[in-house]
file data_32.pdb (PDB, C-alpha atoms)
ATOM      1  CA  MET A   1     177.956 106.019 -42.684
ATOM      2  CA  SER A   2     177.151 107.577 -39.300
ATOM      3  CA  ASP A   3     177.048 111.372 -38.975
ATOM      4  CA  TYR A   4     177.907 111.169 -35.252
ATOM      5  CA  ARG A   5     180.345 113.810 -34.052
ATOM      6  CA  PRO A   6     182.024 113.786 -30.637
ATOM      7  CA  GLN A   7     180.440 116.359 -28.335
ATOM      8  CA  ALA A   8     182.156 118.674 -25.887
ATOM      9  CA  PRO A   9     182.480 117.297 -22.343
ATOM     10  CA  VAL A  10     179.983 118.433 -19.739
ATOM     11  CA  SER A  11     181.374 119.750 -16.462
ATOM     12  CA  VAL A  12     179.728 117.988 -13.524
ATOM     13  CA  PRO A  13     180.427 118.611  -9.817
ATOM     14  CA  LEU A  14     180.854 115.226  -8.142
ATOM     15  CA  THR A  15     180.796 116.437  -4.540
ATOM     16  CA  GLY A  16     179.046 119.087  -2.493
ATOM     17  CA  THR A  17     175.552 120.554  -2.818
ATOM     18  CA  VAL A  18     173.765 119.519  -6.013
ATOM     19  CA  SER A  19     171.511 122.014  -7.816
ATOM     20  CA  ARG A  20     168.961 121.466 -10.555
ATOM     21  CA  ALA A  21     171.556 122.640 -13.098
ATOM     22  CA  ASP A  22     174.060 120.146 -11.692
ATOM     23  CA  ASP A  23     171.490 117.351 -12.038
ATOM     24  CA  HIS A  24     170.877 118.342 -15.644
ATOM     25  CA  ALA A  25     174.607 118.316 -16.418
ATOM     26  CA  LEU A  26     175.032 114.935 -14.728
ATOM     27  CA  VAL A  27     172.111 113.307 -16.579
ATOM     28  CA  GLN A  28     173.279 114.810 -19.861
ATOM     29  CA  ARG A  29     176.734 113.357 -19.281
ATOM     30  CA  LEU A  30     175.210 109.990 -18.379
ATOM     31  CA  VAL A  31     173.151 109.928 -21.580
ATOM     32  CA  ARG A  32     176.234 110.742 -23.641
ATOM     33  CA  THR A  33     178.175 107.980 -21.922
ATOM     34  CA  LEU A  34     175.465 105.348 -22.379
ATOM     35  CA  ASP A  35     174.613 106.389 -25.948
ATOM     36  CA  PRO A  36     177.445 108.421 -27.551
ATOM     37  CA  ALA A  37     175.486 108.729 -30.809
ATOM     38  CA  HIS A  38     172.315 110.108 -29.206
ATOM     39  CA  PRO A  39     171.219 113.134 -31.280
ATOM     40  CA  ALA A  40     169.928 115.272 -28.395
ATOM     41  CA  PRO A  41     171.317 114.355 -24.953
ATOM     42  CA  ASP A  42     170.530 117.825 -23.623
ATOM     43  CA  ARG A  43     166.844 117.533 -24.518
ATOM     44  CA  LEU A  44     166.578 113.953 -23.191
ATOM     45  CA  ALA A  45     168.194 115.006 -19.909
ATOM     46  CA  ALA A  46     165.614 117.789 -19.572
ATOM     47  CA  GLU A  47     162.762 115.365 -20.330
ATOM     48  CA  LEU A  48     164.006 112.811 -17.783
ATOM     49  CA  LEU A  49     164.293 115.444 -15.057
ATOM     50  CA  ALA A  50     160.874 116.900 -15.935
ATOM     51  CA  ARG A  51     159.346 113.429 -15.558
ATOM     52  CA  PHE A  52     161.188 112.204 -12.446
ATOM     53  CA  GLY A  53     162.235 115.396 -10.648
ATOM     54  CA  SER A  54     165.900 114.642  -9.968
ATOM     55  CA  ALA A  55     168.797 112.456 -11.079
ATOM     56  CA  GLY A  56     168.349 110.301  -7.977
ATOM     57  CA  MET A  57     164.648 109.735  -8.565
ATOM     58  CA  MET A  58     165.371 108.993 -12.232
ATOM     59  CA  LEU A  59     167.719 106.187 -11.205
ATOM     60  CA  SER A  60     165.026 104.865  -8.845
ATOM     61  CA  ALA A  61     162.461 104.651 -11.645
ATOM     62  CA  PRO A  62     161.427 101.268 -13.110
ATOM     63  CA  VAL A  63     162.556 100.391 -16.633
ATOM     64  CA  GLY A  64     159.032 100.722 -18.034
ATOM     65  CA  ALA A  65     158.729 104.317 -16.839
ATOM     66  CA  LEU A  66     162.171 105.151 -18.252
ATOM     67  CA  ASP A  67     161.172 103.599 -21.595
ATOM     68  CA  GLU A  68     158.273 106.027 -21.833
ATOM     69  CA  VAL A  69     160.782 108.893 -21.904
ATOM     70  CA  THR A  70     163.822 107.395 -23.656
ATOM     71  CA  GLY A  71     161.884 105.347 -26.206
ATOM     72  CA  ARG A  72     161.494 101.584 -26.310
ATOM     73  CA  GLY A  73     163.902 101.206 -29.217
ATOM     74  CA  THR A  74     166.924 102.355 -27.223
ATOM     75  CA  ALA A  75     169.096 100.606 -24.668
ATOM     76  CA  ILE A  76     169.375 103.627 -22.383
ATOM     77  CA  SER A  77     166.706 102.545 -19.906
ATOM     78  CA  SER A  78     168.265  99.081 -19.519
ATOM     79  CA  LEU A  79     171.695 100.596 -19.009
ATOM     80  CA  LEU A  80     170.253 103.033 -16.455
ATOM     81  CA  ALA A  81     168.844 100.028 -14.609
ATOM     82  CA  VAL A  82     172.396  98.659 -14.368
ATOM     83  CA  VAL A  83     173.600 102.013 -13.017
ATOM     84  CA  ARG A  84     170.735 101.928 -10.512
ATOM     85  CA  GLU A  85     171.709  98.465  -9.295
ATOM     86  CA  MET A  86     175.293  99.602  -8.806
ATOM     87  CA  ALA A  87     174.068 102.625  -6.839
ATOM     88  CA  LEU A  88     171.839 100.409  -4.679
ATOM     89  CA  ARG A  89     174.755  98.124  -3.914
ATOM     90  CA  LEU A  90     176.832 101.129  -2.882
ATOM     91  CA  HIS A  91     174.000 102.354  -0.607
ATOM     92  CA  ARG A  92     173.552  98.860   0.836
ATOM     93  CA  SER A  93     177.259  98.531   1.534
ATOM     94  CA  ARG A  94     177.289 101.849   3.394
ATOM     95  CA  VAL A  95     174.232 100.912   5.420
ATOM     96  CA  ARG A  96     175.747  97.540   6.265
ATOM     97  CA  HIS A  97     179.005  99.064   7.509
ATOM     98  CA  THR A  98     177.595 101.787   9.719
ATOM     99  CA  ASP A  99     175.082 101.858  12.526
ATOM    100  CA  VAL A 100     171.576 103.134  11.944
ATOM    101  CA  LEU A 101     171.825 105.761  14.672
ATOM    102  CA  SER A 102     174.746 107.516  12.957
ATOM    103  CA  GLY A 103     173.601 106.878   9.377
ATOM    104  CA  GLN A 104     169.905 107.826   9.363
ATOM    105  CA  ALA A 105     170.211 110.095   6.326
ATOM    106  CA  GLY A 106     171.997 107.395   4.346
ATOM    107  CA  LEU A 107     169.446 104.809   5.437
ATOM    108  CA  GLU A 108     166.541 106.949   4.254
ATOM    109  CA  ALA A 109     168.344 107.635   0.950
ATOM    110  CA  TYR A 110     168.840 103.902   0.482
ATOM    111  CA  LEU A 111     165.163 103.148   1.149
ATOM    112  CA  GLN A 112     164.142 105.932  -1.201
ATOM    113  CA  ALA A 113     166.340 104.407  -3.903
ATOM    114  CA  CYS A 114     164.909 100.930  -3.246
ATOM    115  CA  MET A 115     161.220 101.794  -3.100
ATOM    116  CA  GLY A 116     160.621 105.451  -3.875
ATOM    117  CA  HIS A 117     159.451 104.882  -7.436
ATOM    118  CA  GLU A 118     157.786 101.475  -7.109
ATOM    119  CA  VAL A 119     154.252 101.415  -8.490
ATOM    120  CA  ILE A 120     153.002  98.892  -5.921
ATOM    121  CA  GLU A 121     153.367  99.005  -2.159
ATOM    122  CA  GLN A 122     156.243  97.067  -0.643
ATOM    123  CA  PHE A 123     157.026  96.260   2.964
ATOM    124  CA  ARG A 124     160.605  95.517   3.915
ATOM    125  CA  VAL A 125     162.403  94.934   7.177
ATOM    126  CA  LEU A 126     165.987  95.718   8.129
ATOM    127  CA  PHE A 127     167.135  93.297  10.824
ATOM    128  CA  LEU A 128     169.792  94.741  13.160
ATOM    129  CA  ASP A 129     172.028  93.359  15.860
ATOM    130  CA  GLY A 130     172.477  94.919  19.303
ATOM    131  CA  THR A 131     174.945  97.509  17.970
ATOM    132  CA  PHE A 132     172.585  98.593  15.156
ATOM    133  CA  ARG A 133     174.576  96.768  12.485
ATOM    134  CA  LEU A 134     172.601  95.414   9.548
ATOM    135  CA  LEU A 135     172.150  91.640   9.545
ATOM    136  CA  ALA A 136     169.690  91.423   6.656
ATOM    137  CA  ASP A 137     167.457  93.602   4.501
ATOM    138  CA  GLU A 138     164.481  91.617   3.303
ATOM    139  CA  LEU A 139     161.320  92.296   1.344
ATOM    140  CA  MET A 140     158.547  90.860   3.515
ATOM    141  CA  GLY A 141     155.503  91.702   1.423
ATOM    142  CA  THR A 142     154.250  93.242  -1.827
ATOM    143  CA  GLY A 143     150.699  94.189  -2.652
ATOM    144  CA  THR A 144     148.676  96.782  -4.527
ATOM    145  CA  VAL A 145     149.065 100.488  -5.145
ATOM    146  CA  ASN A 146     147.972 101.275  -1.584
ATOM    147  CA  HIS A 147     148.314  98.081   0.461
ATOM    148  CA  SER A 148     150.842  95.347   1.152
ATOM    149  CA  PRO A 149     150.169  92.374   3.432
ATOM    150  CA  VAL A 150     152.144  92.405   6.680
ATOM    151  CA  TYR A 151     152.462  89.336   8.916
ATOM    152  CA  PRO A 152     153.998  90.346  12.275
ATOM    153  CA  ARG A 153     154.595  86.775  13.416
ATOM    154  CA  GLU A 154     156.543  86.017  10.218
ATOM    155  CA  ILE A 155     158.665  89.106  10.829
ATOM    156  CA  MET A 156     159.407  88.000  14.383
ATOM    157  CA  ARG A 157     160.125  84.425  13.312
ATOM    158  CA  ARG A 158     162.694  85.752  10.859
ATOM    159  CA  ALA A 159     164.155  88.085  13.498
ATOM    160  CA  LEU A 160     164.663  85.171  15.897
ATOM    161  CA  HIS A 161     166.263  83.086  13.149
ATOM    162  CA  LEU A 162     168.733  85.910  12.409
ATOM    163  CA  ARG A 163     169.209  86.623  16.139
ATOM    164  CA  ALA A 164     168.238  90.232  15.466
ATOM    165  CA  GLU A 165     167.641  92.497  18.446
ATOM    166  CA  ARG A 166     166.188  95.500  16.631
ATOM    167  CA  LEU A 167     164.159  96.158  13.496
ATOM    168  CA  VAL A 168     163.667  99.020  11.097
ATOM    169  CA  LEU A 169     160.376  98.658   9.250
ATOM    170  CA  ALA A 170     159.929 100.389   5.899
ATOM    171  CA  HIS A 171     157.305 100.695   3.224
ATOM    172  CA  ASN A 172     156.405 102.997   0.359
ATOM    173  CA  HIS A 173     153.305 104.963  -0.565
ATOM    174  CA  PRO A 174     153.160 104.831  -4.381
ATOM    175  CA  ALA A 175     149.801 106.564  -4.677
ATOM    176  CA  GLY A 176     150.096 109.345  -2.131
ATOM    177  CA  ARG A 177     152.044 111.325   0.422
ATOM    178  CA  PRO A 178     154.332 109.421   2.812
ATOM    179  CA  GLU A 179     152.599 110.501   6.023
ATOM    180  CA  PRO A 180     151.483 107.441   8.035
ATOM    181  CA  SER A 181     147.853 106.437   7.853
ATOM    182  CA  GLY A 182     145.842 105.205  10.808
ATOM    183  CA  ALA A 183     146.293 101.655   9.486
ATOM    184  CA  ASP A 184     150.073 102.176   9.276
ATOM    185  CA  ILE A 185     150.220 103.269  12.910
ATOM    186  CA  GLU A 186     147.980 100.438  14.103
ATOM    187  CA  MET A 187     150.039  97.823  12.241
ATOM    188  CA  THR A 188     153.298  99.254  13.590
ATOM    189  CA  MET A 189     152.050  99.203  17.176
ATOM    190  CA  ARG A 190     151.002  95.569  16.736
ATOM    191  CA  ILE A 191     154.527  94.653  15.627
ATOM    192  CA  VAL A 192     155.968  96.660  18.520
ATOM    193  CA  GLN A 193     153.821  94.782  21.041
ATOM    194  CA  ILE A 194     154.678  91.348  19.637
ATOM    195  CA  GLY A 195     158.333  92.364  19.536
ATOM    196  CA  LYS A 196     158.294  93.270  23.220
ATOM    197  CA  LEU A 197     157.070  89.786  24.074
ATOM    198  CA  MET A 198     159.899  88.248  22.044
ATOM    199  CA  GLY A 199     162.702  90.609  23.033
ATOM    200  CA  VAL A 200     162.936  92.349  19.651
ATOM    201  CA  ALA A 201     162.654  96.151  19.567
ATOM    202  CA  VAL A 202     161.239  98.164  16.672
ATOM    203  CA  HIS A 203     163.721 101.012  16.314
ATOM    204  CA  ASP A 204     161.878 102.868  13.543
ATOM    205  CA  HIS A 205     159.329 102.663  10.763
ATOM    206  CA  ILE A 206     160.186 104.723   7.686
ATOM    207  CA  ILE A 207     157.694 105.511   4.928
ATOM    208  CA  VAL A 208     159.041 106.721   1.583
ATOM    209  CA  GLY A 209     157.311 108.315  -1.379
ATOM    210  CA  ASN A 210     157.194 111.396  -3.589
ATOM    211  CA  GLY A 211     160.898 112.001  -3.047
ATOM    212  CA  CYS A 212     160.672 112.354   0.736
ATOM    213  CA  SER A 213     160.367 110.147   3.788
ATOM    214  CA  HIS A 214     158.748 110.101   7.223
ATOM    215  CA  SER A 215     160.249 108.438  10.285
ATOM    216  CA  PHE A 216     157.953 107.218  13.057
ATOM    217  CA  ARG A 217     160.744 107.771  15.592
ATOM    218  CA  ALA A 218     161.374 111.328  14.427
ATOM    219  CA  MET A 219     157.639 112.045  14.688
ATOM    220  CA  GLY A 220     157.551 110.706  18.257
ATOM    221  CA  LEU A 221     155.336 107.763  17.398
ATOM    222  CA  LEU A 222     157.719 105.187  18.858
ATOM    223  CA  GLY A 223     158.494 106.917  22.143
TER     224      GLY A 223
END

call {"tool": "encode", "arguments": {"input": "data_32.pdb", "output": "structure tokens"}}
result
Amino acid sequence: MSDYRPQAPVSVPLTGTVSRADDHALVQRLVRTLDPAHPAPDRLAAELLARFGSAGMMLSAPVGALDEVTGRGTAISSLLAVVREMALRLHRSRVRHTDVLSGQAGLEAYLQACMGHEVIEQFRVLFLDGTFRLLADELMGTGTVNHSPVYPREIMRRALHLRAERLVLAHNHPAGRPEPSGADIEMTMRIVQIGKLMGVAVHDHIIVGNGCSHSFRAMGLLG
């Protein structure tokens, strides 16, 4: 017979500024919801936050990394992956229904959720129409821990097929800080130049990693 006893509810603020204590309360509540019989949700919440830094970064983590904290014999990491997918779909819906110019913070949060905790480098492209509405968000390349192949002509071919007028490029830096490298800048400028010839503008290139992001446009690298 199980010795599980219902535990007192945890108060969690669902709006406004989120503190470290709020994150802990939210993760603790999530653990209790996903596994009501878990013997130590408070301790597991602390361990998850110690490993990943925040509730958001925890949800961005791959299942294997979550398993290392929750234990491979539990279903928590798989259930968290479902929660993550739901969160990504919410982010994607918001990005799709707003323009990039007015939703930059949401766009960067979405890209962080998509790629911030990936262990290999990914390169994705957001294809936009003339009013900065999202037409498609596509993964255009995956590679190693510090490199992903990028084929500018394939990007432009896809842009023409979608009748996109603007692009937002994005990739992650799994092994280091998200500041652009010389190779990142050179590759971006090559895409910009090819885009000019084909009537497709590169609006921004966003690099995510280590819980933060860097925008080429914000840094003045795209004029």

call {"tool": "atom_distance", "arguments": {"input": "data_32.pdb", "atom1": "CA of Gln193 in chain A", "atom2": "CA of Arg133 in chain A"}}
result
22.5 Å

call {"tool": "atom_distance", "arguments": {"input": "data_32.pdb", "atom1": "CA of Gln112 in chain A", "atom2": "CA of Lys196 in chain A"}}
result
28.1 Å

call {"tool": "closest_residue", "arguments": {"input": "data_32.pdb", "among": "A:Leu167, A:Leu222, A:Val119, A:Leu48", "to": "Ile185 in chain A", "atoms": "only C-alpha atoms"}}
result
A:Leu222

call {"tool": "closest_residue", "arguments": {"input": "data_32.pdb", "among": "A:Leu79, A:Ala113, A:Ala87, A:Val168", "to": "Asp137 in chain A", "atoms": "all atoms listed in the file"}}
result
A:Val168

call {"tool": "closest_residue", "arguments": {"input": "data_32.pdb", "among": "A:Glu186, A:Ile76, A:Phe123, A:Met58", "to": "Thr33 in chain A", "atoms": "all atoms listed in the file"}}
result
A:Ile76

call {"tool": "resolve_selection", "arguments": {"input": "data_32.pdb", "expression": "the PyMOL selection byres ((chain A and resi 153-159) around 8)", "output": "PyMOL selection string"}}
result
chain A and resi 125+127+140+151-152+160-165+194-195+198+200

call {"tool": "axis_aligned_box", "arguments": {"input": "data_32.pdb", "around": "range 160-172 of chain A", "padding_each_side": "3 Å", "output": "AutoDock Vina command-line options"}}
result
--center_x 162.8 --center_y 93.0 --center_z 9.4 --size_x 18.8 --size_y 25.9 --size_z 24.1

call {"tool": "closest_residue", "arguments": {"input": "data_32.pdb", "among": "A:Leu197, A:Leu169, A:Met57, A:Leu139", "to": "Asp184 in chain A", "atoms": "only C-alpha atoms"}}
result
A:Leu169

call {"tool": "residues_near_point", "arguments": {"input": "data_32.pdb", "point": "(170.0, 119.5, -22.2)", "cutoff": "7 Å", "atoms": "all atoms listed in the file", "output": "number ranges by chain"}}
result
A: 24, 28, 41-46

call {"tool": "resolve_selection", "arguments": {"input": "data_32.pdb", "expression": "the PyMOL selection byres ((chain A and resi 56) around 12)", "output": "MDAnalysis selection string"}}
result
chainID A and resid 18 20 22:24 26:27 48:49 52:55 57:61 80 83:84 87:88 109:110 112:114 116:117 211:212

call {"tool": "residues_near_point", "arguments": {"input": "data_32.pdb", "point": "(147.8, 100.4, 11.7)", "cutoff": "12 Å", "atoms": "only C-alpha atoms", "output": "number ranges by chain"}}
result
A: 147, 149-150, 152, 180-192, 205, 221

call {"tool": "write_last_selection", "arguments": {"input": "data_32.pdb", "atoms": "C-alpha atoms", "output": "compact mmCIF listing (two decimals), in the frame of the given file"}}
result
# COMPACT_ATOMS: atom_id res chain seq x y z
CA HIS A 147 148.31 98.08 0.46
CA PRO A 149 150.17 92.37 3.43
CA VAL A 150 152.14 92.40 6.68
CA PRO A 152 154.00 90.35 12.28
CA PRO A 180 151.48 107.44 8.04
CA SER A 181 147.85 106.44 7.85
CA GLY A 182 145.84 105.20 10.81
CA ALA A 183 146.29 101.66 9.49
CA ASP A 184 150.07 102.18 9.28
CA ILE A 185 150.22 103.27 12.91
CA GLU A 186 147.98 100.44 14.10
CA MET A 187 150.04 97.82 12.24
CA THR A 188 153.30 99.25 13.59
CA MET A 189 152.05 99.20 17.18
CA ARG A 190 151.00 95.57 16.74
CA ILE A 191 154.53 94.65 15.63
CA VAL A 192 155.97 96.66 18.52
CA HIS A 205 159.33 102.66 10.76
CA LEU A 221 155.34 107.76 17.40

call {"tool": "closest_residue", "arguments": {"input": "data_32.pdb", "among": "A:Ala170, A:Gly71, A:Glu179, A:Gly209", "to": "Leu107 in chain A", "atoms": "only C-alpha atoms"}}
result
A:Ala170

call {"tool": "closest_residue", "arguments": {"input": "data_32.pdb", "among": "A:Ser215, A:Leu111, A:Glu118, A:Ala21", "to": "Val63 in chain A", "atoms": "only C-alpha atoms"}}
result
A:Glu118

call {"tool": "atom_distance", "arguments": {"input": "data_32.pdb", "atom1": "CA of Ala37 in chain A", "atom2": "CA of Arg51 in chain A"}}
result
22.7 Å

call {"tool": "residues_around", "arguments": {"input": "data_32.pdb", "residues": "Ile207 in chain A", "least_positions_apart": "2", "cutoff": "6 Å", "atoms": "only C-alpha atoms", "output": "PyMOL selection string"}}
result
chain A and resi 170-172+178+213-214

call {"tool": "build_atoms", "arguments": {"input": "data_32.pdb", "residues": "range 177-188 of chain A", "atoms": "all heavy atoms", "output": "mmCIF file, keeping the file's coordinate frame"}}
result
data_model
loop_
_atom_site.group_PDB
_atom_site.id
_atom_site.type_symbol
_atom_site.label_atom_id
_atom_site.label_comp_id
_atom_site.auth_asym_id
_atom_site.auth_seq_id
_atom_site.Cartn_x
_atom_site.Cartn_y
_atom_site.Cartn_z
ATOM 1 N N ARG A 177 151.001 110.736 -0.414
ATOM 2 C CA ARG A 177 152.044 111.325 0.422
ATOM 3 C C ARG A 177 152.526 110.292 1.443
ATOM 4 O O ARG A 177 151.774 109.395 1.820
ATOM 5 C CB ARG A 177 151.494 112.573 1.108
ATOM 6 C CG ARG A 177 151.135 113.689 0.128
ATOM 7 C CD ARG A 177 150.423 114.831 0.842
ATOM 8 N NE ARG A 177 151.269 115.410 1.874
ATOM 9 C CZ ARG A 177 152.212 116.333 1.639
ATOM 10 N NH1 ARG A 177 152.407 116.772 0.421
ATOM 11 N NH2 ARG A 177 152.936 116.830 2.631
ATOM 12 N N PRO A 178 153.783 110.441 1.919
ATOM 13 C CA PRO A 178 154.332 109.421 2.812
ATOM 14 C C PRO A 178 153.967 109.563 4.288
ATOM 15 O O PRO A 178 154.544 108.868 5.110
ATOM 16 C CB PRO A 178 155.844 109.587 2.609
ATOM 17 C CG PRO A 178 156.028 111.019 2.250
ATOM 18 C CD PRO A 178 154.800 111.387 1.447
ATOM 19 N N GLU A 179 153.035 110.440 4.626
ATOM 20 C CA GLU A 179 152.599 110.501 6.023
ATOM 21 C C GLU A 179 151.911 109.186 6.406
ATOM 22 O O GLU A 179 151.185 108.602 5.608
ATOM 23 C CB GLU A 179 151.622 111.660 6.255
ATOM 24 C CG GLU A 179 152.280 113.025 6.218
ATOM 25 C CD GLU A 179 152.391 113.577 4.808
ATOM 26 O OE1 GLU A 179 152.060 112.833 3.851
ATOM 27 O OE2 GLU A 179 152.816 114.732 4.668
ATOM 28 N N PRO A 180 152.103 108.706 7.639
ATOM 29 C CA PRO A 180 151.483 107.441 8.035
ATOM 30 C C PRO A 180 149.972 107.554 8.151
ATOM 31 O O PRO A 180 149.451 108.554 8.631
ATOM 32 C CB PRO A 180 152.126 107.150 9.395
ATOM 33 C CG PRO A 180 152.559 108.487 9.907
ATOM 34 C CD PRO A 180 152.949 109.281 8.699
ATOM 35 N N SER A 181 149.303 106.513 7.698
ATOM 36 C CA SER A 181 147.853 106.437 7.853
ATOM 37 C C SER A 181 147.533 105.816 9.211
ATOM 38 O O SER A 181 148.417 105.304 9.914
ATOM 39 C CB SER A 181 147.256 105.569 6.746
ATOM 40 O OG SER A 181 147.703 104.219 6.885
ATOM 41 N N GLY A 182 146.267 105.853 9.572
ATOM 42 C CA GLY A 182 145.842 105.205 10.808
ATOM 43 C C GLY A 182 146.170 103.725 10.789
ATOM 44 O O GLY A 182 146.600 103.146 11.806
ATOM 45 N N ALA A 183 145.990 103.083 9.613
ATOM 46 C CA ALA A 183 146.293 101.655 9.486
ATOM 47 C C ALA A 183 147.794 101.402 9.644
ATOM 48 O O ALA A 183 148.200 100.390 10.232
ATOM 49 C CB ALA A 183 145.805 101.143 8.134
ATOM 50 N N ASP A 184 148.621 102.314 9.122
ATOM 51 C CA ASP A 184 150.073 102.176 9.276
ATOM 52 C C ASP A 184 150.466 102.203 10.755
ATOM 53 O O ASP A 184 151.290 101.407 11.215
ATOM 54 C CB ASP A 184 150.804 103.312 8.551
ATOM 55 C CG ASP A 184 150.690 103.237 7.043
ATOM 56 O OD1 ASP A 184 150.479 102.135 6.509
ATOM 57 O OD2 ASP A 184 150.808 104.301 6.393
ATOM 58 N N ILE A 185 149.894 103.135 11.484
ATOM 59 C CA ILE A 185 150.220 103.269 12.910
ATOM 60 C C ILE A 185 149.745 102.049 13.690
ATOM 61 O O ILE A 185 150.479 101.504 14.525
ATOM 62 C CB ILE A 185 149.592 104.560 13.475
ATOM 63 C CG1 ILE A 185 150.225 105.792 12.799
ATOM 64 C CG2 ILE A 185 149.771 104.624 14.984
ATOM 65 C CD1 ILE A 185 149.544 107.105 13.129
ATOM 66 N N GLU A 186 148.523 101.603 13.398
ATOM 67 C CA GLU A 186 147.980 100.438 14.103
ATOM 68 C C GLU A 186 148.833 99.201 13.848
ATOM 69 O O GLU A 186 149.151 98.439 14.776
ATOM 70 C CB GLU A 186 146.540 100.191 13.639
ATOM 71 C CG GLU A 186 145.879 99.002 14.326
ATOM 72 C CD GLU A 186 144.470 98.760 13.812
ATOM 73 O OE1 GLU A 186 143.976 99.577 13.007
ATOM 74 O OE2 GLU A 186 143.873 97.744 14.218
ATOM 75 N N MET A 187 149.220 98.983 12.585
ATOM 76 C CA MET A 187 150.039 97.823 12.241
ATOM 77 C C MET A 187 151.402 97.890 12.923
ATOM 78 O O MET A 187 151.910 96.896 13.443
ATOM 79 C CB MET A 187 150.198 97.744 10.717
ATOM 80 C CG MET A 187 151.151 96.672 10.226
ATOM 81 S SD MET A 187 152.837 97.319 10.020
ATOM 82 C CE MET A 187 152.596 98.500 8.700
ATOM 83 N N THR A 188 151.991 99.086 12.957
ATOM 84 C CA THR A 188 153.298 99.254 13.590
ATOM 85 C C THR A 188 153.227 98.947 15.075
ATOM 86 O O THR A 188 154.092 98.251 15.630
ATOM 87 C CB THR A 188 153.817 100.690 13.377
ATOM 88 O OG1 THR A 188 153.880 100.965 11.977
ATOM 89 C CG2 THR A 188 155.199 100.867 13.985
#
